[in-house]
file run_3.txt (compact mmCIF, C-alpha atoms and all ligand atoms)
# COMPACT_ATOMS: atom_id res chain seq x y z
CA MET A 5 3.86 35.05 -12.45
CA THR A 6 4.03 31.58 -13.88
CA SER A 7 6.46 31.23 -16.80
CA SER A 8 5.06 30.48 -20.26
CA ALA A 9 7.81 27.86 -20.54
CA LEU A 10 5.79 25.59 -18.26
CA MET A 11 2.89 23.40 -19.37
CA ASN A 12 -0.41 24.66 -18.09
CA ASN A 13 -1.44 21.54 -16.18
CA TYR A 14 -1.31 23.33 -12.82
CA GLY A 15 -3.17 26.44 -14.00
CA THR A 16 -2.26 29.90 -12.70
CA ARG A 17 -0.28 29.83 -9.50
CA LYS A 18 -0.58 32.97 -7.46
CA LEU A 19 1.97 32.55 -4.69
CA THR A 20 5.72 32.04 -4.86
CA LEU A 21 7.02 30.37 -1.72
CA CYS A 22 10.70 30.90 -1.08
CA LYS A 23 11.43 29.83 2.48
CA GLY A 24 9.98 27.80 5.29
CA GLU A 25 10.58 27.08 8.97
CA GLY A 26 8.40 24.63 10.88
CA SER A 27 4.77 25.43 10.06
CA TRP A 28 5.64 28.87 8.65
CA VAL A 29 6.42 29.71 5.03
CA TRP A 30 7.35 33.03 3.41
CA ASP A 31 6.62 34.25 -0.11
CA ASP A 32 8.88 36.25 -2.45
CA LEU A 33 7.55 39.51 -0.96
CA GLY A 34 8.44 38.45 2.57
CA LYS A 35 4.85 37.78 3.64
CA ARG A 36 4.48 35.00 6.20
CA TYR A 37 1.86 32.24 6.05
CA LEU A 38 0.81 29.47 8.40
CA ASP A 39 1.06 26.31 6.29
CA ALA A 40 -1.99 24.11 6.92
CA LEU A 41 -1.29 22.07 3.80
CA SER A 42 2.37 20.95 4.18
CA GLY A 43 2.86 20.55 0.44
CA ILE A 44 -0.25 18.27 0.44
CA ALA A 45 0.64 16.03 3.38
CA VAL A 46 4.33 15.91 2.48
CA CYS A 47 6.17 18.01 5.08
CA GLY A 48 4.88 16.29 8.22
CA LEU A 49 7.86 17.59 10.21
CA GLY A 50 7.35 21.10 8.89
CA HIS A 51 9.82 22.96 6.69
CA ALA A 52 13.60 22.96 7.06
CA HIS A 53 13.55 20.39 9.86
CA SER A 54 17.10 20.09 11.18
CA ALA A 55 17.13 16.26 11.32
CA VAL A 56 16.17 16.01 7.65
CA THR A 57 18.47 18.85 6.56
CA GLU A 58 21.37 17.19 8.35
CA ALA A 59 20.61 13.75 6.91
CA ILE A 60 20.40 15.15 3.37
CA SER A 61 23.61 17.21 3.71
CA THR A 62 25.59 14.37 5.21
CA GLN A 63 24.36 11.93 2.57
CA ALA A 64 24.98 14.38 -0.28
CA ALA A 65 28.54 14.87 0.88
CA SER A 66 29.06 11.11 0.82
CA ILE A 67 27.09 9.60 -2.10
CA ILE A 68 23.82 10.91 -3.58
CA HIS A 69 23.05 8.15 -5.98
CA CYS A 70 24.14 4.72 -6.96
CA SER A 71 22.24 2.19 -9.00
CA ASN A 72 20.15 -0.60 -7.55
CA LEU A 73 22.81 -2.82 -9.12
CA TYR A 74 24.62 -2.30 -5.80
CA ASN A 75 23.70 -2.71 -2.15
CA ILE A 76 22.43 0.55 -0.66
CA GLN A 77 22.83 0.59 3.12
CA THR A 78 20.37 3.41 3.83
CA GLN A 79 17.75 1.63 1.68
CA GLU A 80 18.20 -1.56 3.69
CA ARG A 81 17.98 0.30 7.01
CA LEU A 82 14.85 2.14 5.86
CA ALA A 83 13.23 -1.11 4.69
CA GLU A 84 13.98 -2.77 8.03
CA LYS A 85 12.61 0.23 9.93
CA LEU A 86 9.38 0.33 7.92
CA ARG A 87 9.01 -3.44 8.15
CA ALA A 88 9.22 -3.22 11.94
CA ILE A 89 6.67 -0.37 12.05
CA SER A 90 4.19 -1.85 9.57
CA GLY A 91 4.18 -5.60 10.16
CA MET A 92 4.83 -6.10 6.44
CA GLU A 93 7.62 -8.39 5.20
CA LYS A 94 9.35 -6.86 2.16
CA LEU A 95 9.55 -3.48 0.46
CA PHE A 96 10.11 -1.95 -2.96
CA PHE A 97 11.04 1.75 -3.18
CA SER A 98 9.79 4.10 -5.89
CA ASN A 99 9.96 7.86 -6.38
CA SER A 100 6.30 8.75 -6.00
CA GLY A 101 2.93 7.59 -4.84
CA ALA A 102 1.69 6.63 -8.28
CA GLU A 103 4.74 4.44 -8.79
CA ALA A 104 4.21 2.77 -5.43
CA ASN A 105 0.67 1.93 -6.58
CA GLU A 106 2.03 0.75 -9.95
CA ALA A 107 4.18 -1.74 -8.05
CA ALA A 108 1.14 -2.84 -6.02
CA ILE A 109 -0.95 -3.31 -9.18
CA LYS A 110 1.86 -5.31 -10.80
CA LEU A 111 2.09 -7.48 -7.66
CA ALA A 112 -1.66 -8.11 -7.81
CA ARG A 113 -1.36 -9.16 -11.46
CA LEU A 114 1.58 -11.47 -10.67
CA PHE A 115 -0.48 -12.93 -7.85
CA GLY A 116 -3.36 -13.57 -10.29
CA SER A 117 -1.07 -14.96 -12.94
CA GLY A 118 0.27 -17.39 -10.33
CA LYS A 119 -3.29 -18.62 -9.84
CA ASN A 120 -3.77 -18.98 -13.63
CA ILE A 121 -6.25 -16.11 -13.76
CA SER A 122 -5.87 -14.79 -17.30
CA ALA A 123 -7.55 -11.41 -16.80
CA PRO A 124 -6.72 -10.44 -13.21
CA THR A 125 -9.05 -7.72 -11.99
CA ILE A 126 -8.74 -5.37 -9.01
CA ILE A 127 -11.76 -3.91 -7.19
CA VAL A 128 -11.30 -0.14 -6.84
CA MET A 129 -13.63 2.49 -5.40
CA GLU A 130 -15.72 5.31 -6.76
CA ASN A 131 -14.39 8.75 -5.87
CA SER A 132 -10.90 7.31 -5.23
CA PHE A 133 -7.52 8.79 -6.13
CA HIS A 134 -4.51 6.60 -6.82
CA GLY A 135 -2.30 8.74 -9.07
CA ARG A 136 -1.82 10.03 -12.62
CA THR A 137 0.11 7.32 -14.45
CA LEU A 138 -2.04 5.32 -16.84
CA ALA A 139 -2.54 2.34 -14.54
CA THR A 140 -3.19 4.43 -11.45
CA LEU A 141 -5.39 6.82 -13.44
CA SER A 142 -7.43 3.82 -14.57
CA ALA A 143 -7.75 2.78 -10.92
CA THR A 144 -8.77 6.31 -9.91
CA GLY A 145 -12.53 6.79 -9.55
CA SER A 146 -12.91 10.23 -11.03
CA LYS A 147 -13.99 10.91 -14.60
CA SER A 148 -12.59 14.45 -14.52
CA TYR A 149 -9.01 13.16 -14.15
CA GLN A 150 -9.53 10.53 -16.86
CA THR A 151 -11.15 12.59 -19.60
CA GLY A 152 -9.09 12.65 -22.78
CA PHE A 153 -6.62 9.98 -21.70
CA GLY A 154 -8.36 6.89 -23.05
CA PRO A 155 -8.01 4.09 -23.73
CA LEU A 156 -7.53 3.40 -20.05
CA LEU A 157 -6.13 0.17 -18.69
CA GLU A 158 -8.38 -2.84 -18.27
CA GLY A 159 -8.46 -4.90 -15.12
CA PHE A 160 -10.33 -2.67 -12.69
CA ILE A 161 -13.92 -2.95 -11.50
CA ARG A 162 -15.50 -0.26 -9.39
CA ALA A 163 -17.58 -0.30 -6.22
CA PRO A 164 -19.01 2.64 -4.26
CA TYR A 165 -16.76 3.59 -1.31
CA ASN A 166 -17.78 2.42 2.15
CA ASN A 167 -20.17 -0.16 0.67
CA ILE A 168 -19.48 -3.81 1.54
CA ASP A 169 -22.61 -5.12 -0.20
CA ALA A 170 -21.32 -3.81 -3.53
CA ILE A 171 -18.04 -5.71 -3.04
CA ASN A 172 -19.91 -8.90 -2.17
CA ALA A 173 -22.07 -8.49 -5.27
CA ILE A 174 -18.96 -8.20 -7.47
CA ALA A 175 -17.46 -11.26 -5.74
CA LYS A 176 -20.47 -13.36 -6.72
CA ASN A 177 -20.23 -12.72 -10.44
CA ASN A 178 -16.55 -12.44 -11.08
CA LYS A 179 -13.91 -15.15 -11.00
CA ASN A 180 -11.13 -12.81 -12.11
CA ILE A 181 -10.83 -10.71 -8.95
CA VAL A 182 -7.36 -10.81 -7.40
CA ALA A 183 -7.34 -7.82 -5.06
CA ILE A 184 -9.13 -4.86 -3.50
CA LEU A 185 -7.36 -1.51 -3.64
CA VAL A 186 -8.70 1.04 -1.16
CA GLU A 187 -7.77 4.31 0.54
CA PRO A 188 -8.32 4.02 4.32
CA ILE A 189 -9.60 7.62 4.17
CA GLN A 190 -10.35 9.15 0.77
CA GLY A 191 -8.14 12.23 0.55
CA GLU A 192 -8.64 13.93 -2.81
CA GLY A 193 -12.22 12.62 -2.75
CA GLY A 194 -13.09 14.99 0.11
CA VAL A 195 -11.57 13.48 3.30
CA ILE A 196 -14.14 10.70 3.51
CA VAL A 197 -13.75 8.47 6.59
CA PRO A 198 -15.40 5.05 6.15
CA ASP A 199 -17.40 3.22 8.82
CA ALA A 200 -15.29 1.59 11.53
CA ASP A 201 -16.04 -1.91 10.23
CA TYR A 202 -15.29 -1.15 6.55
CA LEU A 203 -11.57 -2.07 6.46
CA PRO A 204 -12.02 -5.06 8.82
CA GLN A 205 -14.78 -6.38 6.54
CA ILE A 206 -12.61 -5.89 3.48
CA ARG A 207 -9.90 -7.88 5.29
CA GLN A 208 -12.39 -10.67 5.91
CA ILE A 209 -13.66 -10.74 2.32
CA CYS A 210 -10.09 -10.84 0.97
CA ASP A 211 -9.34 -13.79 3.28
CA GLU A 212 -12.49 -15.65 2.22
CA HIS A 213 -11.73 -15.29 -1.50
CA ASP A 214 -7.93 -15.42 -1.39
CA TRP A 215 -7.61 -11.83 -2.68
CA LEU A 216 -4.92 -9.32 -1.79
CA MET A 217 -5.99 -6.40 0.41
CA ILE A 218 -4.10 -3.35 -0.85
CA VAL A 219 -4.30 -0.19 1.25
CA ASP A 220 -3.25 3.11 -0.34
CA GLU A 221 -1.69 5.06 2.55
CA ILE A 222 0.05 7.53 0.30
CA GLN A 223 -1.75 10.43 1.96
CA ALA A 224 -3.01 8.90 5.22
CA GLY A 225 0.28 7.25 6.20
CA ASN A 226 3.39 8.49 7.96
CA GLY A 227 1.76 9.58 11.20
CA ARG A 228 -0.88 11.85 9.72
CA THR A 229 -4.01 10.19 11.13
CA GLY A 230 -2.81 9.36 14.64
CA SER A 231 -0.95 6.10 14.01
CA TYR A 232 2.00 5.53 11.69
CA PHE A 233 -0.31 3.90 9.14
CA ASN A 234 -4.06 4.36 9.31
CA TYR A 235 -4.86 0.61 9.08
CA GLN A 236 -3.10 0.16 12.42
CA GLN A 237 -6.17 1.68 14.07
CA TYR A 238 -8.20 -1.38 13.00
CA ASN A 239 -6.13 -4.24 14.38
CA LEU A 240 -5.55 -5.82 10.97
CA LEU A 241 -2.71 -6.35 8.48
CA PRO A 242 -3.19 -5.65 4.76
CA ASP A 243 -1.33 -7.75 2.17
CA ILE A 244 0.11 -4.66 0.48
CA VAL A 245 0.50 -1.08 1.71
CA THR A 246 1.61 1.83 -0.45
CA THR A 247 2.92 5.13 0.85
CA ALA A 248 4.80 8.19 -0.37
CA LYS A 249 3.93 11.85 0.36
CA GLY A 250 5.06 12.26 4.00
CA LEU A 251 7.69 9.53 3.92
CA ALA A 252 10.77 11.75 3.50
CA ASN A 253 9.42 15.21 4.39
CA GLY A 254 9.75 16.49 0.83
CA VAL A 255 12.43 14.41 -0.84
CA PRO A 256 10.66 12.30 -3.50
CA ILE A 257 10.24 8.68 -2.47
CA GLY A 258 7.45 6.10 -2.42
CA ALA A 259 7.24 2.61 -1.00
CA CYS A 260 5.28 -0.53 -1.70
CA LEU A 261 5.24 -2.77 1.38
CA ALA A 262 4.16 -6.38 1.01
CA GLY A 263 3.04 -8.90 3.60
CA LYS A 264 3.55 -12.67 3.45
CA LYS A 265 1.15 -13.32 0.57
CA ALA A 266 2.81 -10.82 -1.77
CA ALA A 267 6.37 -10.45 -0.49
CA ASP A 268 7.97 -13.04 -2.76
CA LEU A 269 6.14 -12.46 -6.04
CA MET A 270 8.90 -10.33 -7.57
CA HIS A 271 12.00 -11.95 -9.04
CA PRO A 272 15.22 -10.47 -10.43
CA GLY A 273 14.17 -8.47 -13.48
CA SER A 274 10.42 -8.32 -12.74
CA HIS A 275 10.41 -4.68 -11.73
CA GLY A 276 12.78 -1.80 -11.11
CA SER A 277 13.49 1.91 -10.94
CA THR A 278 16.60 3.97 -11.65
CA PHE A 279 16.14 6.42 -8.80
CA GLY A 280 13.86 4.38 -6.54
CA GLY A 281 15.30 4.03 -3.05
CA ASN A 282 18.47 5.95 -3.82
CA PRO A 283 20.79 6.90 -0.95
CA LEU A 284 19.68 10.55 -0.71
CA ALA A 285 15.95 9.82 -0.60
CA CYS A 286 16.41 6.96 1.85
CA ALA A 287 18.59 9.05 4.19
CA ALA A 288 15.88 11.74 4.25
CA ALA A 289 13.18 9.12 4.83
CA LEU A 290 15.11 7.44 7.64
CA ALA A 291 15.55 10.77 9.43
CA THR A 292 11.85 11.57 8.92
CA VAL A 293 10.54 8.21 10.11
CA GLU A 294 12.84 8.22 13.15
CA THR A 295 11.76 11.74 14.09
CA ILE A 296 8.05 10.91 13.73
CA ILE A 297 8.51 7.89 16.04
CA ASN A 298 10.96 9.41 18.55
CA GLU A 299 8.99 12.63 18.99
CA GLU A 300 5.70 10.70 19.25
CA LEU A 301 4.18 12.76 16.48
CA CYS A 302 1.47 10.19 15.69
CA SER A 303 -0.24 10.75 19.03
CA ARG A 304 0.45 14.46 18.78
CA ALA A 305 -1.31 14.53 15.38
CA LYS A 306 -4.29 12.83 16.99
CA GLU A 307 -4.49 15.33 19.86
CA GLN A 308 -4.02 18.40 17.68
CA GLY A 309 -6.51 17.08 15.14
CA ASN A 310 -9.14 16.49 17.80
CA TYR A 311 -8.54 19.96 19.16
CA ILE A 312 -8.90 21.59 15.73
CA LYS A 313 -12.12 19.68 15.02
CA GLU A 314 -13.61 20.55 18.44
CA GLN A 315 -12.70 24.22 18.17
CA LEU A 316 -14.06 24.53 14.63
CA GLN A 317 -17.30 22.78 15.67
CA HIS A 318 -17.61 25.14 18.59
CA LYS A 319 -16.83 28.35 16.69
CA LEU A 320 -18.94 27.45 13.67
CA LEU A 321 -21.89 26.18 15.71
CA ASN A 322 -24.22 28.80 14.29
CA CYS A 323 -22.70 28.92 10.81
CA SER A 324 -25.38 27.82 8.34
CA LYS A 325 -22.80 27.16 5.59
CA LEU A 326 -21.17 24.34 7.54
CA ILE A 327 -22.22 20.81 6.58
CA ASP A 328 -19.62 18.62 8.26
CA ILE A 329 -16.25 18.57 9.99
CA ARG A 330 -14.53 15.20 9.74
CA GLY A 331 -11.23 13.38 9.49
CA GLN A 332 -8.70 11.61 11.66
CA GLY A 333 -5.64 13.17 13.24
CA LEU A 334 -4.32 15.99 11.09
CA MET A 335 -6.19 14.93 7.95
CA ILE A 336 -9.28 17.09 8.29
CA GLY A 337 -12.10 18.03 5.94
CA VAL A 338 -14.52 20.90 6.49
CA GLN A 339 -17.44 20.52 4.14
CA LEU A 340 -19.40 23.66 3.28
CA ASP A 341 -22.69 23.98 1.43
CA PHE A 342 -21.20 25.82 -1.57
CA PRO A 343 -18.26 25.43 -4.01
CA CYS A 344 -15.53 27.11 -1.99
CA LYS A 345 -12.26 27.06 -3.91
CA ASP A 346 -12.14 30.88 -3.72
CA LEU A 347 -11.58 30.54 0.02
CA VAL A 348 -8.04 29.40 -0.75
CA ASP A 349 -7.24 32.97 -1.84
CA SER A 350 -9.07 34.66 1.01
CA ALA A 351 -7.26 32.43 3.51
CA ALA A 352 -3.91 33.24 1.86
CA GLU A 353 -4.70 36.95 2.15
CA GLN A 354 -5.09 36.40 5.87
CA GLY A 355 -1.84 34.43 6.03
CA LEU A 356 -3.13 30.85 6.00
CA LEU A 357 -2.45 28.17 3.36
CA ILE A 358 -5.30 25.70 2.91
CA ASN A 359 -6.60 23.53 0.08
CA VAL A 360 -10.06 22.83 -1.28
CA THR A 361 -10.86 19.41 -2.70
CA ALA A 362 -14.00 17.76 -4.09
CA GLY A 363 -15.41 21.25 -4.78
CA SER A 364 -16.71 22.17 -1.36
CA VAL A 365 -14.37 20.58 1.17
CA ILE A 366 -11.65 22.61 2.85
CA ARG A 367 -8.79 20.22 3.46
CA LEU A 368 -6.37 20.74 6.34
CA LEU A 369 -3.08 18.79 6.39
CA PRO A 370 -0.79 20.84 8.65
CA PRO A 371 2.62 19.60 9.87
CA LEU A 372 2.35 16.94 12.60
CA ASN A 373 4.43 19.11 14.94
CA ILE A 374 2.34 22.28 14.55
CA THR A 375 2.51 24.18 17.87
CA ASN A 376 -0.47 24.92 20.12
CA GLU A 377 -0.26 28.64 19.29
CA GLN A 378 -0.20 27.89 15.58
CA THR A 379 -3.20 25.58 15.97
CA GLU A 380 -5.14 28.42 17.68
CA LEU A 381 -4.21 30.77 14.88
CA LEU A 382 -5.25 28.23 12.24
CA VAL A 383 -8.68 27.82 13.82
CA ASN A 384 -9.18 31.57 14.24
CA ILE A 385 -8.24 32.53 10.69
CA LEU A 386 -10.19 29.64 9.17
CA THR A 387 -13.32 30.48 11.17
CA ASP A 388 -13.07 34.04 9.94
CA VAL A 389 -12.53 32.97 6.33
CA ILE A 390 -15.52 30.61 6.39
CA GLU A 391 -17.82 33.14 8.05
CA GLN A 392 -16.89 35.83 5.53
CA GLY A 393 -16.80 33.46 2.51
C1 LIG A 401 -1.17 11.81 -3.82
C2 LIG A 401 -1.76 10.47 -3.87
C3 LIG A 401 -1.34 9.54 -4.85
C4 LIG A 401 -0.36 9.87 -5.94
O1 LIG A 401 0.89 10.22 -5.44
P1 LIG A 401 1.95 10.96 -6.39
O2 LIG A 401 3.19 11.04 -5.55
O3 LIG A 401 1.37 12.29 -6.74
O4 LIG A 401 2.13 10.11 -7.58
C5 LIG A 401 -1.91 8.27 -4.80
N1 LIG A 401 -2.82 7.93 -3.87
C6 LIG A 401 -3.23 8.81 -2.92
C7 LIG A 401 -4.23 8.37 -1.90
C8 LIG A 401 -2.72 10.10 -2.90
O5 LIG A 401 -3.15 10.98 -1.99
call {"tool": "encode", "arguments": {"input": "run_3.txt", "output": "structure tokens", "more": "lines below"}}
Ligand SMILES: *Cc1c(COP(=O)(O)O)cnc(C)c1O
result
Amino acid sequence: MTSSALMNNYGTRKLTLCKGEGSWVWDDLGKRYLDALSGIAVCGLGHAHSAVTEAISTQAASIIHCSNLYNIQTQERLAEKLRAISGMEKLFFSNSGAEANEAAIKLARLFGSGKNISAPTIIVMENSFHGRTLATLSATGSKSYQTGFGPLLEGFIRAPYNNIDAINAIAKNNKNIVAILVEPIQGEGGVIVPDADYLPQIRQICDEHDWLMIVDEIQAGNGRTGSYFNYQQYNLLPDIVTTAKGLANGVPIGACLAGKKAADLMHPGSHGSTFGGNPLACAAALATVETIINEELCSRAKEQGNYIKEQLQHKLLNCSKLIDIRGQGLMIGVQLDFPCKDLVDSAAEQGLLINVTAGSVIRLLPPLNITNEQTELLVNILTDVIEQG
């Protein structure tokens, strides 16, 4: 049971997970579960991956932390690796996704201030999720997360997701816009995949108006959707990319990656973090990124994701509760026609960990290296759970 010494912001937590191996986890009673959530898109390599364990142990035995007052070799190697993968120019490391977005928002404001825009404003989307700090909460498009935390930060204007006309309408009437911040697939919002021309059109609008295109890949990045970053499926380069969750397979780290237009906005003293990019987190991230690339887990995520979607479509063909199965790679949403958060418990009873978001969307985010047998099992248990739910 959850200790009364903890704040109640997570509500009652029923399971106690003590051990993991690959896509399996075990609770305190020794019961085994197939993990189709990976700590919410964090453990892309599965649990207790040897490359990450080794990197962490070796680094811990050498130096865990030193301040950003000193050069940190693993941080430099990680930055160079991610620069090569992403096509961005320069990076800042944080400890979480929200902090990566904070850095992006600060960059956008610096960019605006450089253009003498006194009230720089960022276009953000309805139904979006960008984090829980005050700036990222203000950017987030969900009243339920914001209630009680006012006054929120100024400097955001909202457009419906997947709606280019709305962005053009804002552009007409507002001289203070400096950037568009967008998730390439809305995660918390219900695994919403935009039209194929949405991100390319945002790129074009940002070019026309000299705005920064900021893509929040905190959930969609790190191999999850079939390419290292999701925007890479659209043949475009954003000006800023943020990521976190799956970057170090469970060790807290976030990154804000900036392209040419934003790479040189920060100066000594403009921004910082005590822990951000420390040797331990960067060693874990390096091992994770290298494993994702070397084991070709991006394409594997794509194949497994397609297989899961096909199988679920097939098995749930006659299920009247099913509204939609969507997603890219191993970021999958199964929308039902009723509020289905209770299915989390029924799935756990049958040995499967899933998540429900946006009320009626089952969200699947299994490890990128989930085996074929485990994928079969996932589909079979989930079909059962949905049919009985
Ligand atoms: C999880 C998430 C965040 C916030 O990340 P934290 O590490 O929880 O601060 C921001 N944006 C998106 C798209 C996310 O999925």
call {"tool": "residues_near_ligand", "arguments": {"input": "run_3.txt", "ligand": "ligand LIG 401 (chain A)", "cutoff": "9 Å", "atoms": "only C-alpha atoms and all ligand atoms", "output": "MDAnalysis selection string"}}
result
chainID A and resid 44:45 99:105 132:137 140 144 186:192 220:224 246:249 256:258
call {"tool": "closest_residue", "arguments": {"input": "run_3.txt", "among": "A:Ala291, A:Ala88, A:Cys210, A:Leu269", "to": "His53 (chain A)", "atoms": "only C-alpha atoms"}}
result
A:Ala291
call {"tool": "atom_distance", "arguments": {"input": "run_3.txt", "atom1": "CA of Asp32 (chain A)", "atom2": "CA of Cys47 (chain A)"}}
result
19.9 Å
call {"tool": "atom_distance", "arguments": {"input": "run_3.txt", "atom1": "CA of Trp30 (chain A)", "atom2": "CA of Gly15 (chain A)"}}
result
21.4 Å
call {"tool": "atom_distance", "arguments": {"input": "run_3.txt", "atom1": "CA of Lys265 (chain A)", "atom2": "CA of Tyr74 (chain A)"}}
result
26.7 Å
call {"tool": "closest_residue", "arguments": {"input": "run_3.txt", "among": "A:Thr295, A:Gly145, A:Lys345, A:Lys23", "to": "Arg162 (chain A)", "atoms": "only C-alpha atoms"}}
result
A:Gly145
call {"tool": "residues_around", "arguments": {"input": "run_3.txt", "residues": "Ala252 (chain A)", "least_positions_apart": "4", "cutoff": "10 Å", "atoms": "only C-alpha atoms", "output": "list in words"}}
result
Val46, Cys47, Gly48, Leu49, Val56, Asn226, Ala248, Pro256, Ile257, Gly258, Leu284, Ala285, Cys286, Ala287, Ala288, Ala289, Leu290, Ala291, Thr292 and Val293 of chain A
call {"tool": "residues_around", "arguments": {"input": "run_3.txt", "residues": "Met129 (chain A)", "least_positions_apart": "4", "cutoff": "6 Å", "atoms": "only C-alpha atoms", "output": "PyMOL selection string"}}
result
chain A and resi 162-165
call {"tool": "closest_residue", "arguments": {"input": "run_3.txt", "among": "A:Ile244, A:Ile181, A:Ala40, A:Ala52", "to": "Gly337 (chain A)", "atoms": "all atoms listed in the file"}}
result
A:Ala40
call {"tool": "decode", "arguments": {"input": "run_3.txt", "residues": "region 116-122 of chain A", "atoms": "all heavy atoms", "output": "CSV table (one decimal), in the first residue's frame"}}
result
chain,number,residue,atom,x,y,z
A,116,GLY,N,12.8,36.1,-29.8
A,116,GLY,CA,11.9,37.2,-29.9
A,116,GLY,C,12.5,38.5,-29.4
A,116,GLY,O,12.4,39.5,-30.1
A,117,SER,N,13.2,38.4,-28.3
A,117,SER,CA,13.8,39.6,-27.7
A,117,SER,C,14.9,40.1,-28.7
A,117,SER,O,15.0,41.3,-28.8
A,117,SER,CB,14.4,39.2,-26.3
A,117,SER,OG,15.6,39.8,-26.1
A,118,GLY,N,15.6,39.2,-29.4
A,118,GLY,CA,16.6,39.6,-30.4
A,118,GLY,C,15.9,40.4,-31.6
A,118,GLY,O,16.6,41.1,-32.3
A,119,LYS,N,14.6,40.1,-31.8
A,119,LYS,CA,13.9,40.8,-32.9
A,119,LYS,C,13.1,42.0,-32.3
A,119,LYS,O,12.2,42.5,-33.0
A,119,LYS,CB,13.0,39.8,-33.6
A,119,LYS,CG,13.7,38.6,-34.2
A,119,LYS,CD,13.0,38.0,-35.4
A,119,LYS,CE,11.7,37.3,-35.0
A,119,LYS,NZ,11.0,36.8,-36.2
A,120,ASN,N,13.4,42.4,-31.1
A,120,ASN,CA,12.7,43.5,-30.4
A,120,ASN,C,11.2,43.3,-30.3
A,120,ASN,O,10.4,44.2,-30.3
A,120,ASN,CB,13.0,44.8,-31.2
A,120,ASN,CG,14.4,45.3,-30.9
A,120,ASN,OD1,14.9,45.1,-29.8
A,120,ASN,ND2,15.0,45.8,-32.0
A,121,ILE,N,10.8,42.0,-30.1
A,121,ILE,CA,9.4,41.7,-29.9
A,121,ILE,C,9.2,41.7,-28.3
A,121,ILE,O,9.9,40.9,-27.6
A,121,ILE,CB,9.0,40.4,-30.5
A,121,ILE,CG1,9.1,40.5,-32.0
A,121,ILE,CG2,7.6,39.9,-30.0
A,121,ILE,CD1,8.8,39.2,-32.7
A,122,SER,N,8.4,42.7,-27.8
A,122,SER,CA,8.4,42.9,-26.4
A,122,SER,C,7.6,41.8,-25.7
A,122,SER,O,7.8,41.5,-24.5
A,122,SER,CB,7.9,44.3,-26.0
A,122,SER,OG,6.6,44.4,-26.6
